[in-house]
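**Student:** Quick one, start-v9.txt (compact mmCIF, C-alpha atoms):
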# COMPACT_ATOMS: atom_id res chain seq x y z
CA MET A 1 -20.31 7.48 20.83
CA THR A 2 -21.96 7.73 17.40
CA MET A 3 -19.93 6.35 14.51
CA ASP A 4 -20.85 7.34 10.98
CA PHE A 5 -19.63 4.94 8.29
CA GLY A 6 -21.61 6.65 5.55
CA ILE A 7 -20.61 8.61 2.50
CA ARG A 8 -21.95 12.04 1.55
CA ALA A 9 -24.26 12.20 -1.46
CA GLU A 10 -21.84 14.21 -3.61
CA ASN A 11 -19.05 11.73 -2.88
CA ARG A 12 -21.34 8.79 -3.60
CA LYS A 13 -21.74 10.27 -7.10
CA LEU A 14 -17.96 10.51 -7.40
CA LEU A 15 -17.64 6.88 -6.31
CA ASP A 16 -20.18 5.79 -8.92
CA ARG A 17 -18.11 7.54 -11.59
CA VAL A 18 -14.97 5.76 -10.37
CA ILE A 19 -16.74 2.38 -10.47
CA ALA A 20 -18.00 3.07 -13.99
CA MET A 21 -14.52 3.98 -15.23
CA ILE A 22 -12.98 0.89 -13.61
CA ASP A 23 -15.60 -1.42 -15.14
CA THR A 24 -15.79 0.08 -18.63
CA GLU A 25 -12.33 1.48 -19.31
CA ILE A 26 -9.68 0.13 -16.92
CA ALA A 27 -10.64 -3.52 -16.41
CA PRO A 28 -10.93 -4.25 -20.15
CA LEU A 29 -7.29 -3.14 -20.64
CA GLN A 30 -5.77 -4.86 -17.60
CA ASP A 31 -4.79 -8.12 -19.32
CA GLU A 32 -3.34 -6.37 -22.36
CA TYR A 33 -1.30 -4.07 -20.10
CA GLU A 34 0.14 -6.99 -18.13
CA GLY A 35 0.84 -8.92 -21.31
CA GLU A 36 3.19 -6.16 -22.45
CA VAL A 37 5.60 -6.78 -19.52
CA ALA A 38 7.17 -9.77 -21.25
CA LYS A 39 7.94 -7.80 -24.40
CA GLY A 40 11.43 -6.29 -24.53
CA ASP A 41 13.08 -4.87 -21.41
CA ARG A 42 10.91 -5.83 -18.42
CA TRP A 43 12.07 -2.72 -16.54
CA GLN A 44 10.94 -0.27 -19.19
CA TYR A 45 7.42 0.49 -20.34
CA THR A 46 6.57 -0.57 -23.87
CA ASP A 47 4.94 2.02 -26.09
CA ARG A 48 1.60 0.24 -25.69
CA GLN A 49 1.92 0.03 -21.91
CA ALA A 50 2.65 3.74 -21.70
CA GLU A 51 -0.23 4.48 -24.08
CA ILE A 52 -2.67 2.49 -21.93
CA LEU A 53 -1.50 3.86 -18.59
CA GLU A 54 -0.98 7.48 -19.51
CA GLY A 55 -4.14 7.54 -21.59
CA LEU A 56 -6.25 6.29 -18.69
CA LYS A 57 -4.55 8.69 -16.26
CA ALA A 58 -5.24 11.62 -18.56
CA LYS A 59 -8.93 10.65 -18.76
CA ALA A 60 -9.21 10.32 -14.98
CA LYS A 61 -7.44 13.60 -14.37
CA ALA A 62 -9.55 15.48 -16.92
CA ALA A 63 -12.68 14.08 -15.28
CA GLY A 64 -11.57 15.25 -11.83
CA LEU A 65 -11.17 11.66 -10.62
CA TRP A 66 -7.73 12.27 -9.15
CA ASN A 67 -5.89 12.26 -5.80
CA PHE A 68 -8.83 11.01 -3.75
CA TRP A 69 -6.44 9.99 -0.95
CA LEU A 70 -5.64 13.65 -0.20
CA THR A 71 -8.20 14.52 2.45
CA ASP A 72 -7.03 18.15 2.49
CA GLY A 73 -9.93 20.08 0.94
CA ASP A 74 -7.67 22.72 -0.58
CA ARG A 75 -5.54 20.35 -2.64
CA GLY A 76 -7.65 17.19 -2.67
CA LEU A 77 -11.35 16.42 -2.85
CA GLY A 78 -11.88 16.64 0.89
CA LEU A 79 -12.97 13.04 1.46
CA SER A 80 -12.87 11.71 5.00
CA THR A 81 -10.81 8.58 5.66
CA VAL A 82 -14.08 6.64 5.94
CA GLU A 83 -15.22 7.91 2.56
CA TYR A 84 -11.87 7.26 0.92
CA ALA A 85 -12.02 3.67 2.19
CA TYR A 86 -14.88 2.97 -0.23
CA PHE A 87 -12.83 4.37 -3.12
CA ALA A 88 -9.79 2.30 -2.14
CA GLU A 89 -11.89 -0.86 -2.07
CA GLU A 90 -13.12 -0.29 -5.61
CA MET A 91 -9.60 0.49 -6.83
CA GLY A 92 -8.41 -2.77 -5.27
CA ARG A 93 -10.57 -4.82 -7.62
CA VAL A 94 -8.36 -4.14 -10.67
CA GLY A 95 -4.57 -3.89 -10.56
CA LEU A 96 -4.18 -0.76 -12.69
CA ALA A 97 -6.94 1.25 -11.06
CA ALA A 98 -5.11 2.82 -8.12
CA GLU A 99 -2.41 4.35 -10.30
CA VAL A 100 -4.93 5.56 -12.89
CA PHE A 101 -6.49 7.74 -10.16
CA ASN A 102 -3.05 8.66 -8.68
CA CYS A 103 -3.88 6.75 -5.51
CA SER A 104 -1.26 3.98 -5.55
CA ALA A 105 1.29 2.92 -2.96
CA PRO A 106 3.95 3.84 -2.09
CA ASP A 107 3.31 7.24 -3.67
CA THR A 108 0.29 8.11 -1.52
CA GLY A 109 2.29 7.57 1.67
CA ASN A 110 5.26 9.51 0.35
CA MET A 111 3.03 12.36 -0.81
CA GLU A 112 1.52 12.39 2.69
CA VAL A 113 5.04 12.83 4.10
CA PHE A 114 5.94 15.65 1.71
CA HIS A 115 2.57 17.30 2.30
CA LYS A 116 2.77 17.13 6.12
CA TYR A 117 6.49 17.40 6.80
CA GLY A 118 8.29 18.58 3.68
CA THR A 119 9.90 21.97 3.14
CA ASP A 120 8.63 24.32 0.46
CA ALA A 121 11.55 23.29 -1.73
CA MET A 122 10.67 19.59 -1.35
CA LYS A 123 7.05 20.30 -2.20
CA THR A 124 8.07 22.13 -5.35
CA GLN A 125 10.66 19.57 -6.49
CA TRP A 126 8.93 16.33 -5.47
CA LEU A 127 5.37 16.74 -4.23
CA GLU A 128 4.04 18.69 -7.19
CA PRO A 129 5.17 16.22 -9.89
CA LEU A 130 3.92 13.34 -7.71
CA LEU A 131 0.53 15.02 -7.35
CA GLN A 132 0.43 15.44 -11.11
CA GLY A 133 1.34 11.77 -11.69
CA GLN A 134 4.47 12.74 -13.62
CA ILE A 135 6.98 10.78 -11.51
CA ARG A 136 6.94 7.95 -8.97
CA SER A 137 8.70 7.39 -5.65
CA ALA A 138 9.86 4.69 -3.23
CA TYR A 139 10.02 4.32 0.53
CA LEU A 140 13.18 2.63 1.85
CA MET A 141 13.01 1.21 5.35
CA THR A 142 13.53 -2.56 5.50
CA GLU A 143 17.10 -3.90 5.60
CA PRO A 144 18.45 -7.37 4.78
CA ASP A 145 20.73 -7.78 7.80
CA VAL A 146 18.42 -6.82 10.68
CA ALA A 147 14.93 -7.82 11.86
CA SER A 148 13.17 -4.80 10.41
CA SER A 149 9.83 -5.78 11.95
CA ASP A 150 11.37 -3.99 14.93
CA ALA A 151 12.13 -0.70 13.23
CA THR A 152 14.50 0.34 16.03
CA ASN A 153 16.91 -2.17 14.44
CA VAL A 154 17.21 -0.11 11.24
CA SER A 155 20.93 0.51 10.90
CA MET A 156 21.69 2.42 7.67
CA SER A 157 24.42 4.87 8.66
CA CYS A 158 23.69 8.56 8.18
CA VAL A 159 26.55 10.81 9.33
CA ARG A 160 26.68 14.60 9.09
CA ASP A 161 29.62 15.93 7.08
CA GLY A 162 29.47 19.69 6.67
CA ASP A 163 26.50 20.64 4.54
CA HIS A 164 25.74 17.01 3.69
CA TYR A 165 24.81 13.70 5.24
CA VAL A 166 26.69 10.60 4.11
CA LEU A 167 24.67 7.38 3.79
CA ASN A 168 26.08 3.86 3.85
CA GLY A 169 24.21 0.56 4.00
CA GLU A 170 21.65 -1.58 2.20
CA LYS A 171 17.87 -1.52 1.86
CA TRP A 172 15.60 -4.08 0.27
CA TRP A 173 11.93 -4.48 -0.64
CA ALA A 174 12.00 -0.92 -1.94
CA SER A 175 8.64 -1.19 -3.72
CA GLY A 176 8.40 0.88 -6.87
CA ALA A 177 12.14 1.52 -7.09
CA GLY A 178 12.33 -0.57 -10.26
CA ASP A 179 10.01 1.78 -12.11
CA PRO A 180 11.97 3.97 -14.57
CA ARG A 181 9.75 6.88 -13.45
CA CYS A 182 10.91 6.53 -9.82
CA LYS A 183 12.87 9.70 -9.12
CA VAL A 184 12.95 10.08 -5.33
CA TYR A 185 13.36 7.95 -2.23
CA ILE A 186 12.31 8.64 1.35
CA VAL A 187 14.82 6.71 3.46
CA MET A 188 14.74 5.68 7.12
CA VAL A 189 18.27 6.07 8.53
CA LYS A 190 20.09 5.90 11.87
CA THR A 191 21.47 9.20 13.10
CA GLY A 192 21.65 8.64 16.88
CA GLY A 193 23.99 6.49 18.95
CA GLU A 194 23.42 4.20 21.91
CA ASP A 195 23.33 7.19 24.25
CA THR A 196 20.23 8.50 22.44
CA ALA A 197 16.70 7.44 23.45
CA LYS A 198 15.70 4.36 21.45
CA HIS A 199 12.93 6.01 19.44
CA GLN A 200 14.97 9.12 18.74
CA ARG A 201 17.90 7.41 17.02
CA HIS A 202 16.28 7.37 13.59
CA SER A 203 15.48 9.97 10.97
CA MET A 204 13.97 10.22 7.51
CA ILE A 205 15.83 11.84 4.68
CA VAL A 206 14.85 12.59 1.09
CA VAL A 207 17.23 11.21 -1.53
CA ASP A 208 17.26 11.91 -5.25
CA ALA A 209 17.29 8.45 -6.90
CA ALA A 210 20.01 9.61 -9.32
CA THR A 211 22.50 10.47 -6.56
CA PRO A 212 25.98 8.94 -7.14
CA GLY A 213 26.75 5.93 -4.96
CA ILE A 214 23.28 4.35 -5.22
CA GLU A 215 23.39 0.87 -6.76
CA VAL A 216 20.29 -1.21 -7.49
CA LEU A 217 21.53 -4.74 -6.85
CA ARG A 218 18.52 -6.82 -7.89
CA PRO A 219 14.75 -7.09 -7.88
CA MET A 220 13.36 -9.20 -5.04
CA HIS A 221 11.07 -11.98 -6.25
CA VAL A 222 7.63 -12.51 -4.73
CA TYR A 223 6.79 -16.21 -5.03
CA GLY A 224 8.93 -16.33 -8.15
CA ALA A 225 7.66 -13.09 -9.76
CA ASP A 226 9.79 -9.96 -10.08
CA ASP A 227 6.78 -7.61 -10.31
CA ALA A 228 8.37 -5.73 -13.22
CA PRO A 229 8.30 -2.90 -14.06
CA HIS A 230 7.25 -1.81 -10.54
CA GLY A 231 9.70 -4.04 -8.66
CA HIS A 232 10.78 -4.43 -5.05
CA MET A 233 14.45 -3.59 -5.24
CA HIS A 234 17.53 -4.42 -3.17
CA ILE A 235 19.66 -1.26 -3.10
CA ARG A 236 23.16 -0.47 -1.81
CA PHE A 237 24.25 3.01 -0.67
CA THR A 238 28.00 3.66 -0.72
CA ASP A 239 29.13 7.08 0.54
CA VAL A 240 25.96 8.66 -0.83
CA ARG A 241 26.08 12.40 -0.15
CA VAL A 242 22.73 14.06 0.47
CA PRO A 243 22.24 17.79 1.16
CA ALA A 244 21.61 18.43 4.85
CA GLU A 245 18.41 20.31 4.06
CA ASN A 246 16.91 17.01 2.81
CA MET A 247 16.50 15.81 6.41
CA LEU A 248 12.78 15.74 7.24
CA LEU A 249 11.88 17.78 10.36
CA GLY A 250 15.35 17.20 11.86
CA GLU A 251 17.38 14.36 13.29
CA GLY A 252 15.65 11.86 15.56
CA ARG A 253 12.11 12.34 14.26
CA GLY A 254 11.87 9.31 11.99
CA PHE A 255 9.36 7.41 14.12
CA GLU A 256 7.15 10.45 14.45
CA ILE A 257 7.03 10.79 10.67
CA SER A 258 6.54 7.05 10.10
CA GLN A 259 3.40 6.99 12.23
CA GLY A 260 1.98 9.90 10.26
CA ARG A 261 2.73 8.00 7.06
CA LEU A 262 1.77 4.43 7.93
CA GLY A 263 -1.60 4.88 9.64
CA PRO A 264 -3.62 5.99 6.59
CA GLY A 265 -1.56 3.77 4.29
CA ARG A 266 -2.40 0.63 6.24
CA ILE A 267 -6.12 1.37 5.96
CA HIS A 268 -5.74 1.99 2.21
CA HIS A 269 -3.95 -1.37 1.82
CA CYS A 270 -6.67 -3.15 3.77
CA MET A 271 -9.54 -1.68 1.78
CA ARG A 272 -7.80 -2.58 -1.47
CA ALA A 273 -7.44 -6.13 -0.11
CA ILE A 274 -11.19 -6.18 0.55
CA GLY A 275 -11.69 -5.11 -3.06
CA GLN A 276 -9.54 -8.02 -4.19
CA ALA A 277 -11.62 -10.38 -2.05
CA GLU A 278 -14.81 -9.01 -3.62
CA SER A 279 -13.49 -9.59 -7.13
CA ALA A 280 -12.41 -13.12 -6.17
CA LEU A 281 -15.88 -13.86 -4.77
CA THR A 282 -17.44 -12.61 -8.01
CA LEU A 283 -15.24 -15.00 -9.99
CA MET A 284 -16.05 -17.82 -7.58
CA CYS A 285 -19.81 -17.35 -7.87
CA LYS A 286 -19.79 -17.13 -11.66
CA ARG A 287 -17.65 -20.25 -11.89
CA ALA A 288 -19.89 -22.11 -9.43
CA LEU A 289 -22.95 -21.43 -11.58
CA GLU A 290 -21.42 -21.85 -15.05
CA ARG A 291 -19.30 -24.98 -14.56
CA GLU A 292 -20.77 -28.46 -14.18
CA ALA A 293 -19.33 -31.66 -12.74
CA PHE A 294 -21.04 -34.94 -11.95
CA GLY A 295 -24.14 -33.63 -13.71
CA LYS A 296 -24.61 -30.57 -11.49
CA PRO A 297 -23.39 -26.98 -11.26
CA LEU A 298 -20.35 -26.70 -8.97
CA ALA A 299 -22.41 -24.57 -6.58
CA SER A 300 -24.48 -27.64 -5.72
CA LEU A 301 -21.52 -29.89 -4.98
CA GLY A 302 -19.73 -30.47 -1.71
CA ALA A 303 -19.74 -27.56 0.71
CA ASN A 304 -19.72 -24.86 -1.95
CA TYR A 305 -22.85 -23.12 -0.68
CA ASP A 306 -21.22 -22.86 2.73
CA ILE A 307 -17.93 -21.67 1.25
CA ILE A 308 -19.65 -18.87 -0.67
CA ALA A 309 -21.72 -17.86 2.36
CA GLU A 310 -18.66 -17.78 4.63
CA ALA A 311 -16.79 -15.65 2.11
CA ARG A 312 -19.59 -13.09 1.99
CA MET A 313 -19.86 -12.93 5.78
CA GLU A 314 -16.12 -12.57 6.31
CA ILE A 315 -15.82 -9.83 3.70
CA GLU A 316 -18.61 -7.87 5.39
CA GLN A 317 -17.03 -8.26 8.83
CA ALA A 318 -13.65 -7.10 7.58
CA ARG A 319 -15.16 -4.11 5.79
CA LEU A 320 -16.94 -2.95 8.95
CA LEU A 321 -13.74 -3.26 10.98
CA CYS A 322 -11.85 -1.28 8.36
CA LEU A 323 -14.46 1.47 8.39
CA LYS A 324 -14.26 1.62 12.18
CA ALA A 325 -10.46 2.01 11.99
CA ALA A 326 -10.95 4.73 9.36
CA TRP A 327 -13.48 6.49 11.60
CA TYR A 328 -10.96 6.54 14.46
CA MET A 329 -8.39 8.05 12.07
CA ASP A 330 -10.88 10.79 11.22
CA GLN A 331 -11.16 11.74 14.90
CA GLY A 332 -7.54 12.95 14.82
CA ASP A 333 -6.23 10.82 17.68
CA ALA A 334 -3.53 8.56 16.23
CA ARG A 335 -3.03 6.75 19.54
CA ALA A 336 -6.73 5.83 19.79
CA ALA A 337 -6.75 4.70 16.15
CA ALA A 338 -3.60 2.55 16.43
CA PRO A 339 -5.10 -0.68 17.86
CA TRP A 340 -7.94 -0.58 15.33
CA ILE A 341 -5.47 -0.16 12.49
CA SER A 342 -3.48 -3.12 13.83
CA MET A 343 -6.67 -5.20 13.95
CA ILE A 344 -7.68 -4.52 10.37
CA LYS A 345 -4.09 -4.88 9.15
CA THR A 346 -4.23 -8.43 10.53
CA VAL A 347 -7.80 -9.31 9.61
CA ALA A 348 -8.15 -7.98 6.05
CA PRO A 349 -5.24 -9.81 4.36
CA ARG A 350 -6.05 -13.08 6.14
CA MET A 351 -9.67 -12.83 5.05
CA ALA A 352 -8.76 -11.91 1.47
CA LEU A 353 -6.27 -14.77 1.23
CA LYS A 354 -8.94 -17.23 2.33
CA VAL A 355 -11.50 -15.96 -0.18
CA ILE A 356 -8.99 -15.89 -3.04
CA ASP A 357 -7.82 -19.41 -2.16
CA GLU A 358 -11.40 -20.74 -2.16
CA ALA A 359 -12.00 -19.06 -5.52
CA ALA A 360 -8.89 -20.73 -6.94
CA GLN A 361 -10.14 -24.06 -5.62
CA MET A 362 -13.45 -23.55 -7.43
CA PHE A 363 -11.53 -23.07 -10.67
CA GLY A 364 -9.36 -26.15 -10.13
CA ALA A 365 -6.02 -26.11 -11.96
CA MET A 366 -7.11 -23.05 -13.92
CA GLY A 367 -7.28 -21.11 -10.66
CA ILE A 368 -3.54 -21.28 -10.10
CA SER A 369 -2.63 -20.57 -13.71
CA GLN A 370 -2.15 -17.41 -15.72
CA ASP A 371 -5.68 -17.81 -17.12
CA THR A 372 -7.28 -16.12 -14.10
CA PRO A 373 -6.02 -13.22 -11.95
CA LEU A 374 -6.35 -15.30 -8.77
CA ALA A 375 -2.73 -16.44 -8.47
CA SER A 376 -1.51 -12.85 -8.84
CA LYS A 377 -4.07 -11.64 -6.31
CA TRP A 378 -3.01 -14.31 -3.83
CA THR A 379 0.69 -13.46 -3.97
CA HIS A 380 -0.07 -9.74 -3.65
CA VAL A 381 -2.28 -10.21 -0.60
CA ARG A 382 0.10 -12.73 0.97
CA THR A 383 2.82 -10.11 0.74
CA LEU A 384 0.53 -7.65 2.50
CA ARG A 385 0.70 -9.80 5.63
CA LEU A 386 4.34 -8.71 5.87
CA ALA A 387 4.22 -5.19 4.42
CA ASP A 388 3.81 -2.32 6.92
CA GLY A 389 4.47 -4.72 9.78
CA PRO A 390 3.93 -8.50 9.97
CA ASP A 391 0.83 -9.99 11.58
CA ALA A 392 2.72 -11.00 14.70
CA VAL A 393 3.77 -7.42 15.44
CA HIS A 394 0.22 -6.13 15.02
CA ARG A 395 -1.22 -8.90 17.20
CA ARG A 396 1.36 -8.03 19.86
CA GLN A 397 0.20 -4.42 19.83
CA ILE A 398 -3.47 -5.45 20.02
CA ALA A 399 -2.79 -7.73 22.96
CA ARG A 400 -0.77 -5.09 24.81
CA THR A 401 -3.61 -2.61 24.42
CA GLU A 402 -6.08 -5.18 25.72
CA LEU A 403 -3.96 -6.17 28.69
CA ARG A 404 -3.46 -2.56 29.77
CA LYS A 405 -7.13 -2.51 30.73
CA TYR A 406 -6.33 -4.91 33.54
CA THR A 407 -2.95 -3.73 34.78
CA GLN A 408 -1.14 -0.46 35.45
CA GLU A 409 2.19 -2.08 34.67
CA ARG A 410 4.04 -1.45 31.44
CA ILE A 411 3.66 -4.41 29.07
In structure tokens, what does this structure look like?
**Tutor:**
Amino acid sequence: MTMDFGIRAENRKLLDRVIAMIDTEIAPLQDEYEGEVAKGDRWQYTDRQAEILEGLKAKAKAAGLWNFWLTDGDRGLGLSTVEYAYFAEEMGRVGLAAEVFNCSAPDTGNMEVFHKYGTDAMKTQWLEPLLQGQIRSAYLMTEPDVASSDATNVSMSCVRDGDHYVLNGEKWWASGAGDPRCKVYIVMVKTGGEDTAKHQRHSMIVVDAATPGIEVLRPMHVYGADDAPHGHMHIRFTDVRVPAENMLLGEGRGFEISQGRLGPGRIHHCMRAIGQAESALTLMCKRALEREAFGKPLASLGANYDIIAEARMEIEQARLLCLKAAWYMDQGDARAAAPWISMIKTVAPRMALKVIDEAAQMFGAMGISQDTPLASKWTHVRTLRLADGPDAVHRRQIARTELRKYTQERI
């Protein structure tokens, strides 16, 4: 079997343009953008924040550097998953970059859902403004009172009542729901009872964020940070009435939709994590050469040569595994791709955490302060080891796939 991890010449030129915009226009504004969060209401964009973000988005859009994630050639740029992986890596280097190119989570996954499974009305009301970068969205799955790593535990009640469904329950870690531009949720709900097959008890429904009965209780903190104005919100639904036509595909098809949504998204997350590791290694190397202690550059002290070499090797290994997972996605067989996606979902964040941690160590106390982006990178990547399924769940799936080679029994 021949695997092609390359990128077509015309898309290589696109990638070079993306890299140039990140380096010359986005990265220089990143610190100023983040510094605005502390001014005024943390959950609203300051005038300067909006000017930076919307100005950069307008430039990217006008230049045709937009919606790379959409592999559909009619609406997107027709990149393969392998090719998009290179773009995602570059966008991962700088926090603002993914949104500037309209390629940020959770919107890409939600747009995938609307694109693949939404009705014409949903596409008009929600997909089009998302594709244009005019609004944002959130995906609500995890719940505070059940072990959501086993998604069959999801318990938010969704009961049909005439032409509506009525939702009751709580969701948390609703990433992006704090953003004032977040206008729509895609919500995993329970519609089937105990007499229904386990993986047919759940559904996905589209909910207007302004629907009465929705209460945002609080932002969840990630290692002490609230991630404003994006946020990861804890939300309560009390007798929330949603039109019946907002049910995606029909009752009982939630897991089918989730697999269509999560596969590409996990690869995107992993390639962005590799981009974060690359930027951390760059900082580490520059620090190792510029800073002196005990009369020598830091690079010459202790095991720092080995640390830098190990970081480079581990980044390269993770990138190749991610490209292999992306290649399997491009073959159109989700089942064949699944174990490879689980592997990279485990490997990439662990690798990136290690590289970022070593970079912070090279900086000493400065490395864990606000004077470098390393602390923020670390908390983001550490969270990724839980997002879209914790490591333990992915390792379980990898092991089950491996063991099936040696037994006919169900594991």
**Student:** Have a look at A:Gln49, A:Thr124, A:Gln259, A:Thr2 and name the one nearest to His199 of chain A; count all atoms listed in the file.
**Tutor:**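 Smallest separation from His199 of chain A among the options: A:Gln259.
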**Student:** Output as CSV one row per residue of segment 128-181 of chain A within 10 Å of segment 237-247 of chain A: the closest atom pair and its distance in Å to one decimal place, counting only C-alpha atoms, sorted by chain and residue number ascending.
**Tutor:**
residue,atom,partner,partner_atom,distance
A:Met156,CA,A:Phe237,CA,8.7
A:Ser157,CA,A:Phe237,CA,9.5
A:Cys158,CA,A:Val240,CA,9.3
A:Val159,CA,A:Arg241,CA,9.6
A:Arg160,CA,A:Ala244,CA,7.6
A:Asp161,CA,A:Ala244,CA,8.7
A:Gly162,CA,A:Ala244,CA,8.2
A:Asp163,CA,A:Ala244,CA,5.4
A:His164,CA,A:Pro243,CA,4.4
A:Tyr165,CA,A:Val242,CA,5.2
A:Val166,CA,A:Arg241,CA,4.7
A:Leu167,CA,A:Val240,CA,5.0
A:Asn168,CA,A:Phe237,CA,4.9
A:Gly169,CA,A:Phe237,CA,5.3
A:Glu170,CA,A:Phe237,CA,6.0
A:Lys171,CA,A:Phe237,CA,8.2
**Student:** Just write the chosen residues, C-alpha atoms, as a PDB file, in the coordinates of the input.
**Tutor:**
ATOM      1  CA  MET A 156      21.690   2.420   7.670  1.00  0.00           C
ATOM      2  CA  SER A 157      24.420   4.870   8.660  1.00  0.00           C
ATOM      3  CA  CYS A 158      23.690   8.560   8.180  1.00  0.00           C
ATOM      4  CA  VAL A 159      26.550  10.810   9.330  1.00  0.00           C
ATOM      5  CA  ARG A 160      26.680  14.600   9.090  1.00  0.00           C
ATOM      6  CA  ASP A 161      29.620  15.930   7.080  1.00  0.00           C
ATOM      7  CA  GLY A 162      29.470  19.690   6.670  1.00  0.00           C
ATOM      8  CA  ASP A 163      26.500  20.640   4.540  1.00  0.00           C
ATOM      9  CA  HIS A 164      25.740  17.010   3.690  1.00  0.00           C
ATOM     10  CA  TYR A 165      24.810  13.700   5.240  1.00  0.00           C
ATOM     11  CA  VAL A 166      26.690  10.600   4.110  1.00  0.00           C
ATOM     12  CA  LEU A 167      24.670   7.380   3.790  1.00  0.00           C
ATOM     13  CA  ASN A 168      26.080   3.860   3.850  1.00  0.00           C
ATOM     14  CA  GLY A 169      24.210   0.560   4.000  1.00  0.00           C
ATOM     15  CA  GLU A 170      21.650  -1.580   2.200  1.00  0.00           C
ATOM     16  CA  LYS A 171      17.870  -1.520   1.860  1.00  0.00           C
TER      17      LYS A 171
END
**Student:** Calculate how many Å separate atom CA of Glu402 of chain A from atom CA of Ala197 of chain A, rounding to one decimal.
**Tutor:**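 Computed distance, atom CA of Glu402 of chain A to atom CA of Ala197 of chain A, equals 26.1 Å.
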**Student:** Residues of segment 340-394 of chain A within 9 Å of segment 284-292 of chain A: nearest atom pair and distance (Å, one decimal) for each, counting all atoms listed in the file, sorted by chain and number, as a tab-separated table?
**Tutor:**
residue	atom	partner	partner_atom	distance
A:Val355	CA	A:Met284	CA	8.9
A:Ile356	CA	A:Met284	CA	8.6
A:Glu358	CA	A:Met284	CA	7.7
A:Ala359	CA	A:Met284	CA	4.7
A:Ala360	CA	A:Met284	CA	7.8
A:Gln361	CA	A:Met284	CA	8.8
A:Met362	CA	A:Met284	CA	6.3
A:Phe363	CA	A:Arg287	CA	6.8
**Student:** If we count only C-alpha atoms, what is near segment 50-59 of chain A at a cut-off of 7 Å, once residues fewer than 6 positions away on the same chain are taken out, given as a list of chain:residue names?
**Tutor:**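 Once the adjacent positions are removed, what remains is A:Tyr33, A:Val100, A:Phe101.
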**Student:** Which neighbours of Gly178 of chain A fall inside 8 Å, counting all atoms listed in the file, when residues of the same chain fewer than 4 positions from it are skipped, and could you give them as a list in words?
**Tutor:**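 Counting all atoms listed in the file, the residues come to Trp43, Cys182, Pro219, Ala228, Pro229, His230, Gly231, His232 and Met233 of chain A.
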**Student:** Restricting the calculation to all atoms listed in the file, which member of A:Gly265, A:Pro339, A:Pro373, A:Gly213 is positioned closest to Cys103 of chain A?
**Tutor:**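 So, comparing all the options, the nearest one is A:Gly265.
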**Student:** Which residues come within 8 Å of segment 380-388 of chain A, counting only C-alpha atoms, excluding same-chain residues fewer than 5 positions away, as a VMD selection string?
**Tutor:** chain A and resid 222 262 266 269 273 345 to 346 349 to 350 352 to 353
**Student:** I'd like to know which of A:Arg181, A:Trp172, A:His394, A:Gln132 is closest to Tyr45 of chain A, using all atoms listed in the file.
**Tutor:**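 Selected residue with least distance to Tyr45 of chain A: A:Arg181.
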**Student:** Which residue, A:Leu131, A:Val154, A:Leu65, A:Ala280, has the smallest gap to Asn11 of chain A when you use all atoms listed in the file?
**Tutor:** A:Leu65
**Student:** When you draw a straight line from atom CA of Met366 of chain A to atom CA of His268 of chain A, how long is it in Å?
**Tutor:** 29.8 Å
**Student:** For a quick check of understanding, using only C-alpha atoms, which of A:Met141, A:Ala309, A:Ile22, A:Val189 has the smallest distance to Arg253 of chain A?
**Tutor:** A:Val189
**Student:** Here is a test: counting all atoms listed in the file, which residue of A:Ala326, A:Val393, A:Cys270, A:Leu283 is nearest to Ala348 of chain A?
**Tutor:** A:Cys270
**Student:** Counting all atoms listed in the file, which residues have an atom no more than 12 Å from (-16.9, 7.2, 11.7) in the file's coordinates? Please list them as a PyMOL selection string.
**Tutor:** chain A and resi 1-7+80-85+320-332+337
**Student:** Take atom CA of Ala299 of chain A and atom CA of Thr24 of chain A and report the distance between them in Å, one decimal.
**Tutor:** 28.2 Å
